[in-house]
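Structure file structure20.cif; described as mmCIF, C-alpha atoms and all ligand atoms.
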```cif
data_start
loop_
_atom_site.group_PDB
_atom_site.id
_atom_site.type_symbol
_atom_site.label_atom_id
_atom_site.label_comp_id
_atom_site.auth_asym_id
_atom_site.auth_seq_id
_atom_site.Cartn_x
_atom_site.Cartn_y
_atom_site.Cartn_z
ATOM 1 C CA MET Y 1 0.000 0.000 0.000
ATOM 2 C CA GLU Y 2 1.162 3.465 -0.829
ATOM 3 C CA ILE Y 3 0.155 6.352 1.462
ATOM 4 C CA CYS Y 4 0.895 9.935 0.492
ATOM 5 C CA ILE Y 5 0.980 12.814 2.937
ATOM 6 C CA VAL Y 6 0.354 16.289 1.573
ATOM 7 C CA PRO Y 7 1.067 19.340 3.724
ATOM 8 C CA VAL Y 8 -1.790 21.765 3.033
ATOM 9 C CA GLY Y 9 -1.118 25.461 3.418
ATOM 10 C CA GLU Y 10 1.800 26.940 5.288
ATOM 11 C CA ALA Y 11 3.969 24.238 6.828
ATOM 12 C CA GLY Y 12 6.157 25.639 9.591
ATOM 13 C CA GLU Y 13 8.989 23.700 11.192
ATOM 14 C CA ASP Y 14 6.804 21.992 13.804
ATOM 15 C CA LEU Y 15 4.292 20.822 11.195
ATOM 16 C CA ARG Y 16 7.153 19.378 9.149
ATOM 17 C CA ASP Y 17 8.469 17.463 12.201
ATOM 18 C CA LEU Y 18 5.025 16.214 12.897
ATOM 19 C CA ILE Y 19 4.539 14.997 9.341
ATOM 20 C CA PHE Y 20 7.735 12.957 9.455
ATOM 21 C CA PHE Y 21 6.683 11.429 12.769
ATOM 22 C CA ILE Y 22 3.343 10.409 11.218
ATOM 23 C CA LYS Y 23 5.132 9.059 8.147
ATOM 24 C CA ASP Y 24 7.325 6.760 10.253
ATOM 25 C CA VAL Y 25 4.440 5.390 12.299
ATOM 26 C CA LEU Y 26 2.191 4.765 9.298
ATOM 27 C CA SER Y 27 4.886 2.989 7.320
ATOM 28 C CA GLU Y 28 5.433 0.628 10.227
ATOM 29 C CA VAL Y 29 1.806 0.053 11.222
ATOM 30 C CA PHE Y 30 0.429 -0.543 7.728
ATOM 31 C CA TYR Y 31 3.583 -2.035 6.127
ATOM 32 C CA ALA Y 32 3.139 0.864 3.724
ATOM 33 C CA ILE Y 33 5.284 2.965 1.485
ATOM 34 C CA VAL Y 34 4.673 6.467 2.800
ATOM 35 C CA ARG Y 35 5.706 9.490 0.810
ATOM 36 C CA VAL Y 36 5.578 13.133 1.823
ATOM 37 C CA GLU Y 37 4.448 15.092 -1.198
ATOM 38 C CA LYS Y 38 4.970 18.702 -2.151
ATOM 39 C CA ALA Y 39 2.832 21.106 -0.132
ATOM 40 C CA MET Y 40 -0.479 22.190 -1.611
ATOM 41 C CA GLU Y 41 -1.899 25.671 -1.251
ATOM 42 C CA ILE Y 42 -5.222 25.964 0.502
ATOM 43 C CA PRO Y 43 -7.813 26.593 -2.191
ATOM 44 C CA VAL Y 44 -9.156 30.127 -1.910
ATOM 45 C CA SER Y 45 -12.672 28.761 -2.315
ATOM 46 C CA ALA Y 46 -12.313 26.901 1.004
ATOM 47 C CA TYR Y 47 -11.960 30.100 3.047
ATOM 48 C CA ASN Y 48 -15.029 31.410 4.806
ATOM 49 C CA PRO Y 49 -14.320 35.004 5.885
ATOM 50 C CA ALA Y 50 -17.415 35.220 8.088
ATOM 51 C CA ARG Y 51 -16.091 32.326 10.217
ATOM 52 C CA ASN Y 52 -12.397 32.859 9.573
ATOM 53 C CA GLN Y 53 -12.210 29.115 8.949
ATOM 54 C CA PHE Y 54 -11.725 26.757 6.035
ATOM 55 C CA ASN Y 55 -14.285 24.318 4.659
ATOM 56 C CA SER Y 56 -12.812 20.836 5.013
ATOM 57 C CA THR Y 57 -14.952 19.298 2.255
ATOM 58 C CA GLU Y 58 -13.747 21.933 -0.187
ATOM 59 C CA ILE Y 59 -10.094 21.105 0.602
ATOM 60 C CA LEU Y 60 -10.714 17.354 0.608
ATOM 61 C CA LYS Y 61 -12.060 17.276 -2.933
ATOM 62 C CA ARG Y 62 -9.034 19.179 -4.220
ATOM 63 C CA LEU Y 63 -6.439 16.838 -2.727
ATOM 64 C CA PRO Y 64 -4.600 14.756 -5.316
ATOM 65 C CA ALA Y 65 -5.666 11.102 -5.477
ATOM 66 C CA ARG Y 66 -2.647 9.513 -7.133
ATOM 67 C CA CYS Y 67 -1.785 7.181 -4.236
ATOM 68 C CA ASP Y 68 -3.838 4.402 -2.649
ATOM 69 C CA VAL Y 69 -4.508 6.843 0.179
ATOM 70 C CA THR Y 70 -3.741 10.551 0.389
ATOM 71 C CA ILE Y 71 -3.832 12.418 3.691
ATOM 72 C CA GLY Y 72 -3.679 16.178 3.803
ATOM 73 C CA ILE Y 73 -2.339 17.698 7.020
ATOM 74 C CA THR Y 74 -2.942 21.355 7.708
ATOM 75 C CA ASP Y 75 -2.595 24.005 10.368
ATOM 76 C CA ALA Y 76 -5.738 25.737 9.101
ATOM 77 C CA ASP Y 77 -8.831 25.691 11.304
ATOM 78 C CA LEU Y 78 -11.427 23.542 9.549
ATOM 79 C CA TYR Y 79 -15.217 23.370 9.671
ATOM 80 C CA ALA Y 80 -17.805 21.326 7.848
ATOM 81 C CA ASN Y 81 -21.385 22.280 7.146
ATOM 82 C CA GLY Y 82 -23.393 22.065 10.368
ATOM 83 C CA LEU Y 83 -20.328 21.801 12.612
ATOM 84 C CA ASN Y 84 -18.413 24.526 14.475
ATOM 85 C CA PHE Y 85 -15.157 22.828 13.694
ATOM 86 C CA VAL Y 86 -13.784 19.457 12.628
ATOM 87 C CA PHE Y 87 -10.494 17.725 13.425
ATOM 88 C CA GLY Y 88 -10.646 16.149 10.007
ATOM 89 C CA GLU Y 89 -12.769 14.660 7.284
ATOM 90 C CA ALA Y 90 -12.448 11.601 5.078
ATOM 91 C CA GLU Y 91 -14.031 10.048 2.032
ATOM 92 C CA LEU Y 92 -15.643 6.947 3.535
ATOM 93 C CA GLY Y 93 -14.302 4.017 1.559
ATOM 94 C CA GLY Y 94 -12.560 6.459 -0.766
ATOM 95 C CA LYS Y 95 -8.978 7.561 -1.170
ATOM 96 C CA ARG Y 96 -8.534 10.865 0.611
ATOM 97 C CA ALA Y 97 -8.639 12.475 4.042
ATOM 98 C CA ILE Y 98 -7.718 15.779 5.612
ATOM 99 C CA VAL Y 99 -6.627 16.414 9.218
ATOM 100 C CA SER Y 100 -6.157 19.753 10.957
ATOM 101 C CA ILE Y 101 -3.815 20.307 13.869
ATOM 102 C CA ALA Y 102 -5.255 23.749 14.667
ATOM 103 C CA ARG Y 103 -7.393 22.482 17.556
ATOM 104 C CA LEU Y 104 -4.938 19.810 18.689
ATOM 105 C CA ARG Y 105 -2.250 22.209 19.845
ATOM 106 C CA PRO Y 106 -1.969 22.112 23.625
ATOM 107 C CA TYR Y 107 0.210 25.210 23.843
ATOM 108 C CA GLY Y 108 -0.201 28.885 23.281
ATOM 109 C CA THR Y 109 -3.475 30.634 23.668
ATOM 110 C CA LYS Y 110 -4.785 29.587 20.280
ATOM 111 C CA PHE Y 111 -7.385 27.158 21.556
ATOM 112 C CA TYR Y 112 -6.437 25.083 24.593
ATOM 113 C CA GLY Y 113 -4.399 25.359 27.848
ATOM 114 C CA ILE Y 114 -0.712 25.782 28.450
ATOM 115 C CA TYR Y 115 1.946 23.094 28.960
ATOM 116 C CA ASN Y 116 5.722 23.064 28.784
ATOM 117 C CA ARG Y 117 7.054 22.839 25.258
ATOM 118 C CA ALA Y 118 8.413 19.273 25.247
ATOM 119 C CA ASP Y 119 5.222 17.812 26.738
ATOM 120 C CA ALA Y 120 3.163 19.946 24.391
ATOM 121 C CA ASP Y 121 5.065 18.736 21.321
ATOM 122 C CA ARG Y 122 4.660 15.118 22.364
ATOM 123 C CA MET Y 123 0.982 15.642 23.036
ATOM 124 C CA LEU Y 124 0.446 17.286 19.656
ATOM 125 C CA LYS Y 125 2.162 14.349 17.940
ATOM 126 C CA ILE Y 126 -0.007 11.761 19.673
ATOM 127 C CA ARG Y 127 -3.216 13.690 19.082
ATOM 128 C CA THR Y 128 -2.394 14.166 15.420
ATOM 129 C CA LEU Y 129 -1.559 10.483 15.079
ATOM 130 C CA LYS Y 130 -4.970 9.605 16.562
ATOM 131 C CA GLU Y 131 -6.803 11.888 14.161
ATOM 132 C CA VAL Y 132 -4.817 10.548 11.209
ATOM 133 C CA MET Y 133 -5.505 6.911 12.210
ATOM 134 C CA HIS Y 134 -9.186 7.802 12.651
ATOM 135 C CA GLU Y 135 -9.558 9.417 9.243
ATOM 136 C CA LEU Y 136 -7.549 6.606 7.637
ATOM 137 C CA GLY Y 137 -9.979 4.141 9.204
ATOM 138 C CA HIS Y 138 -12.822 5.971 7.448
ATOM 139 C CA VAL Y 139 -10.935 5.896 4.160
ATOM 140 C CA PHE Y 140 -10.600 2.131 4.579
ATOM 141 C CA GLY Y 141 -14.365 1.935 5.162
ATOM 142 C CA LEU Y 142 -14.676 1.865 8.954
ATOM 143 C CA GLU Y 143 -17.503 3.784 10.627
ATOM 144 C CA HIS Y 144 -17.494 5.113 14.189
ATOM 145 C CA CYS Y 145 -16.910 2.611 16.972
ATOM 146 C CA ARG Y 146 -18.744 2.527 20.316
ATOM 147 C CA ASN Y 147 -15.616 1.608 22.235
ATOM 148 C CA PRO Y 148 -14.391 4.911 23.771
ATOM 149 C CA ARG Y 149 -10.807 3.603 23.753
ATOM 150 C CA CYS Y 150 -10.877 2.784 20.068
ATOM 151 C CA VAL Y 151 -9.344 5.313 17.716
ATOM 152 C CA MET Y 152 -12.528 5.041 15.611
ATOM 153 C CA HIS Y 153 -14.601 6.462 18.474
ATOM 154 C CA PHE Y 154 -15.997 9.873 17.549
ATOM 155 C CA SER Y 155 -14.196 12.820 19.192
ATOM 156 C CA ASN Y 156 -16.410 15.760 20.039
ATOM 157 C CA SER Y 157 -13.561 17.520 21.764
ATOM 158 C CA VAL Y 158 -9.863 17.130 22.276
ATOM 159 C CA MET Y 159 -10.679 15.556 25.663
ATOM 160 C CA ASP Y 160 -12.288 12.633 23.809
ATOM 161 C CA THR Y 161 -9.200 12.428 21.631
ATOM 162 C CA ASP Y 162 -6.985 12.252 24.716
ATOM 163 C CA LEU Y 163 -9.111 9.450 26.187
ATOM 164 C CA LYS Y 164 -8.799 7.131 23.260
ATOM 165 C CA ASP Y 165 -5.901 4.987 22.160
ATOM 166 C CA TRP Y 166 -4.140 5.695 18.841
ATOM 167 C CA MET Y 167 -4.874 2.149 17.615
ATOM 168 C CA TYR Y 168 -8.022 0.386 16.401
ATOM 169 C CA CYS Y 169 -9.809 -1.906 18.854
ATOM 170 C CA ASP Y 170 -9.832 -5.654 18.145
ATOM 171 C CA VAL Y 171 -13.242 -5.470 16.469
ATOM 172 C CA CYS Y 172 -12.171 -2.690 14.110
ATOM 173 C CA LYS Y 173 -8.844 -4.415 13.484
ATOM 174 C CA ARG Y 174 -10.678 -7.574 12.459
ATOM 175 C CA LYS Y 175 -12.865 -5.571 10.066
ATOM 176 C CA LEU Y 176 -9.785 -4.001 8.521
ATOM 177 C CA GLU Y 177 -8.162 -7.390 8.108
ATOM 178 C CA MET Y 178 -11.291 -8.627 6.337
ATOM 179 C CA MET Y 179 -10.974 -5.643 4.007
ATOM 180 C CA GLY Y 180 -7.452 -6.771 3.228
ATOM 181 C CA ILE Y 181 -5.653 -4.094 5.260
ATOM 182 C CA ARG Y 182 -2.603 -5.514 7.015
ATOM 183 C CA ILE Y 183 -1.833 -4.027 10.417
ATOM 184 C CA LYS Y 184 1.190 -4.624 12.587
ATOM 185 C CA LEU Y 185 0.003 -5.581 16.066
HETATM 186 ZN ZN ZN X 201 -14.988 9.995 12.304
HETATM 187 ZN ZN ZN X 202 -13.239 0.007 17.290
#
```
What does this structure look like when you write it as structure tokens?
Ligand code: ZN
Ligand code: ZN
Amino acid sequence: MEICIVPVGEAGEDLRDLIFFIKDVLSEVFYAIVRVEKAMEIPVSAYNPARNQFNSTEILKRLPARCDVTIGITDADLYANGLNFVFGEAELGGKRAIVSIARLRPYGTKFYGIYNRADADRMLKIRTLKEVMHELGHVFGLEHCRNPRCVMHFSNSVMDTDLKDWMYCDVCKRKLEMMGIRIKL
């Protein structure tokens, strides 16, 4: 399986670090070839000036779909119709997903509390990994899981994200295996 990661919008140093962390984990977990592609600009049409946010669906449909799976990672604050914000969005059973780190940052005053930098960086990595695994699960065809520890459990807030594990539960893992997705235990 080939997974491509596309930085969407401005990719500062910390986003770059984060992307390479995600790349390493995904290549190991899914026995995949993971490539980091050239950054893509955020489509102007995705910006909603009234909300000062970006429409995730609009970005999702403009992501390239050359690889088996393409994941866009962005620092832009995303929303979807009917929702104040989203951590990400995926094409269920499709090929593409987008994840935003804007609401996963534990530091600064942007959205959530304040921690020391090293802890904050580690926390951001883990949270991003969970959101990426979640959206990937959707791309592979998984729906939400009732198990609050499962990465396929729906996160309403970053607190839910922190509660769950970064891996699929046994039930979801079995479903993935039946879909032909190999996962390292
Ligand atoms: Zn979901
Ligand atoms: Zn599950």
Checklist entry - Looking at Y:Glu28, Y:Glu37, Y:Glu135, Y:Asp77, which one is nearest to Leu104 (chain Y), with distances taken over only C-alpha atoms? => result Y:Asp77
Next on the checklist: Counting all atoms listed in the file, I want the residues whose atoms come within 8 Å of (-11.3, 15.6, 10.1) in the file frame, returned as a count of residues only.
Outcome noted: 13
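Residues in contact range of Val29 (chain Y), defined as at most 12 Å between all atoms listed in the file, with sequence neighbours fewer than 5 positions away removed, read Met1, Ile3, Ile22, Lys23, Asp24, Val34, Leu129, Met133, Leu136, Trp166, Met167, Tyr168, Lys173, Ile181, Arg182, Ile183, Lys184 and Leu185 of chain Y.
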Checklist entry - Could you spell out the hits of the PyMOL selection byres (((not hetatm)) within 6 of (chain X and resi 202)) on the shown file, as JSON, numbers by chain? => result {"Y": [145, 147, 150, 152, 168, 169, 171, 172]}
Item to check | Environment of ligand ZN 201 (chain X) within 7 Å, counting only C-alpha atoms and all ligand atoms, reported as an MDAnalysis selection string | outcome: chainID Y and resid 134:135 138 143:144 152 154
Next on the checklist: Show me, as a ChimeraX atom specification, the residues that have an atom within 9 Å of region 7-13 of chain Y when counting only C-alpha atoms, minus same-chain residues fewer than 2 positions from it.
Outcome noted: /Y:5,15-19,36-43,59,63,71-76,98
Subset file as a short mmCIF file (atom, residue, chain, number, x, y, z; two decimals), in the first residue's frame: region 161-177 of chain Y, all heavy atoms:
```
data_model
loop_
_atom_site.label_atom_id
_atom_site.label_comp_id
_atom_site.auth_asym_id
_atom_site.auth_seq_id
_atom_site.Cartn_x
_atom_site.Cartn_y
_atom_site.Cartn_z
N THR Y 161 -10.39 12.89 22.36
CA THR Y 161 -9.20 12.43 21.63
C THR Y 161 -8.16 11.91 22.63
O THR Y 161 -7.56 10.86 22.43
CB THR Y 161 -8.60 13.57 20.78
OG1 THR Y 161 -9.62 14.11 19.94
CG2 THR Y 161 -7.45 13.08 19.92
N ASP Y 162 -7.98 12.66 23.72
CA ASP Y 162 -6.99 12.25 24.72
C ASP Y 162 -7.36 10.94 25.40
O ASP Y 162 -6.48 10.18 25.81
CB ASP Y 162 -6.80 13.36 25.76
CG ASP Y 162 -6.03 14.54 25.20
OD1 ASP Y 162 -5.34 14.38 24.17
OD2 ASP Y 162 -6.11 15.64 25.79
N LEU Y 163 -8.65 10.67 25.51
CA LEU Y 163 -9.11 9.45 26.19
C LEU Y 163 -8.88 8.19 25.37
O LEU Y 163 -8.73 7.11 25.90
CB LEU Y 163 -10.61 9.55 26.47
CG LEU Y 163 -11.01 10.09 27.84
CD1 LEU Y 163 -12.53 10.15 27.94
CD2 LEU Y 163 -10.43 9.22 28.95
N LYS Y 164 -8.90 8.36 24.04
CA LYS Y 164 -8.80 7.13 23.26
C LYS Y 164 -7.36 6.77 22.92
O LYS Y 164 -6.46 7.60 23.00
CB LYS Y 164 -9.68 7.21 22.01
CG LYS Y 164 -9.32 8.25 20.99
CD LYS Y 164 -10.44 8.36 19.93
CE LYS Y 164 -10.04 9.32 18.84
NZ LYS Y 164 -11.12 9.52 17.86
N ASP Y 165 -7.20 5.52 22.54
CA ASP Y 165 -5.90 4.99 22.16
C ASP Y 165 -5.63 5.43 20.72
O ASP Y 165 -6.54 5.86 20.02
CB ASP Y 165 -5.99 3.45 22.25
CG ASP Y 165 -4.64 2.78 22.17
OD1 ASP Y 165 -3.60 3.49 22.27
OD2 ASP Y 165 -4.60 1.56 22.00
N TRP Y 166 -4.41 5.31 20.24
CA TRP Y 166 -4.14 5.70 18.84
C TRP Y 166 -4.36 4.53 17.87
O TRP Y 166 -4.25 4.68 16.68
CB TRP Y 166 -2.73 6.28 18.68
CG TRP Y 166 -1.62 5.31 18.95
CD1 TRP Y 166 -1.07 5.03 20.17
CD2 TRP Y 166 -0.95 4.47 18.01
NE1 TRP Y 166 -0.09 4.07 20.04
CE2 TRP Y 166 0.01 3.72 18.72
CE3 TRP Y 166 -1.05 4.30 16.63
CZ2 TRP Y 166 0.84 2.79 18.10
CZ3 TRP Y 166 -0.21 3.37 16.00
CH2 TRP Y 166 0.72 2.63 16.74
N MET Y 167 -4.71 3.36 18.44
CA MET Y 167 -4.87 2.15 17.62
C MET Y 167 -6.35 1.74 17.54
O MET Y 167 -7.15 2.16 18.35
CB MET Y 167 -4.01 1.04 18.23
CG MET Y 167 -3.94 -0.29 17.49
SD MET Y 167 -3.74 -0.20 15.71
CE MET Y 167 -1.95 -0.14 15.56
N TYR Y 168 -6.67 0.92 16.55
CA TYR Y 168 -8.02 0.39 16.40
C TYR Y 168 -8.25 -0.70 17.45
O TYR Y 168 -7.32 -1.42 17.81
CB TYR Y 168 -8.20 -0.21 14.99
CG TYR Y 168 -7.77 0.74 13.90
CD1 TYR Y 168 -6.55 0.59 13.26
CD2 TYR Y 168 -8.60 1.81 13.53
CE1 TYR Y 168 -6.15 1.49 12.27
CE2 TYR Y 168 -8.19 2.70 12.55
CZ TYR Y 168 -6.97 2.54 11.92
OH TYR Y 168 -6.57 3.42 10.96
N CYS Y 169 -9.48 -0.83 17.91
CA CYS Y 169 -9.81 -1.91 18.85
C CYS Y 169 -9.80 -3.23 18.08
O CYS Y 169 -9.71 -3.24 16.85
CB CYS Y 169 -11.17 -1.66 19.50
SG CYS Y 169 -12.55 -1.90 18.35
N ASP Y 170 -9.91 -4.34 18.80
CA ASP Y 170 -9.83 -5.65 18.15
C ASP Y 170 -10.93 -5.84 17.10
O ASP Y 170 -10.70 -6.44 16.06
CB ASP Y 170 -9.90 -6.77 19.20
CG ASP Y 170 -8.60 -6.83 20.00
OD1 ASP Y 170 -7.58 -6.25 19.53
OD2 ASP Y 170 -8.61 -7.43 21.09
N VAL Y 171 -12.12 -5.32 17.41
CA VAL Y 171 -13.24 -5.47 16.47
C VAL Y 171 -12.94 -4.73 15.17
O VAL Y 171 -13.09 -5.28 14.07
CB VAL Y 171 -14.56 -4.94 17.10
CG1 VAL Y 171 -15.71 -5.03 16.10
CG2 VAL Y 171 -14.88 -5.68 18.39
N CYS Y 172 -12.48 -3.49 15.31
CA CYS Y 172 -12.17 -2.69 14.11
C CYS Y 172 -10.98 -3.29 13.35
O CYS Y 172 -10.97 -3.30 12.12
CB CYS Y 172 -11.88 -1.25 14.48
SG CYS Y 172 -13.37 -0.36 15.00
N LYS Y 173 -10.01 -3.79 14.11
CA LYS Y 173 -8.84 -4.41 13.48
C LYS Y 173 -9.26 -5.61 12.63
O LYS Y 173 -8.78 -5.79 11.51
CB LYS Y 173 -7.89 -4.92 14.57
CG LYS Y 173 -6.59 -4.17 14.63
CD LYS Y 173 -5.67 -4.86 15.61
CE LYS Y 173 -5.00 -3.85 16.49
NZ LYS Y 173 -4.39 -4.45 17.67
N ARG Y 174 -10.20 -6.40 13.18
CA ARG Y 174 -10.68 -7.57 12.46
C ARG Y 174 -11.37 -7.15 11.17
O ARG Y 174 -11.18 -7.75 10.12
CB ARG Y 174 -11.62 -8.40 13.34
CG ARG Y 174 -11.40 -9.90 13.18
CD ARG Y 174 -12.15 -10.70 14.23
NE ARG Y 174 -11.79 -10.34 15.60
CZ ARG Y 174 -12.67 -10.04 16.58
NH1 ARG Y 174 -13.96 -10.05 16.33
NH2 ARG Y 174 -12.25 -9.75 17.79
N LYS Y 175 -12.18 -6.07 11.27
CA LYS Y 175 -12.86 -5.57 10.07
C LYS Y 175 -11.85 -5.14 9.01
O LYS Y 175 -12.01 -5.43 7.83
CB LYS Y 175 -13.75 -4.37 10.42
CG LYS Y 175 -15.02 -4.73 11.16
CD LYS Y 175 -15.87 -3.48 11.40
CE LYS Y 175 -17.01 -3.79 12.35
NZ LYS Y 175 -17.61 -2.56 12.89
N LEU Y 176 -10.81 -4.46 9.47
CA LEU Y 176 -9.79 -4.00 8.52
C LEU Y 176 -9.10 -5.18 7.86
O LEU Y 176 -8.84 -5.17 6.65
CB LEU Y 176 -8.76 -3.12 9.23
CG LEU Y 176 -9.23 -1.71 9.60
CD1 LEU Y 176 -8.18 -1.00 10.45
CD2 LEU Y 176 -9.52 -0.87 8.35
N GLU Y 177 -8.82 -6.20 8.66
CA GLU Y 177 -8.16 -7.39 8.11
C GLU Y 177 -9.04 -8.04 7.05
O GLU Y 177 -8.55 -8.48 6.01
CB GLU Y 177 -7.81 -8.38 9.22
CG GLU Y 177 -6.47 -8.08 9.84
CD GLU Y 177 -6.30 -8.70 11.22
OE1 GLU Y 177 -6.96 -9.71 11.51
OE2 GLU Y 177 -5.49 -8.14 12.00
#
```
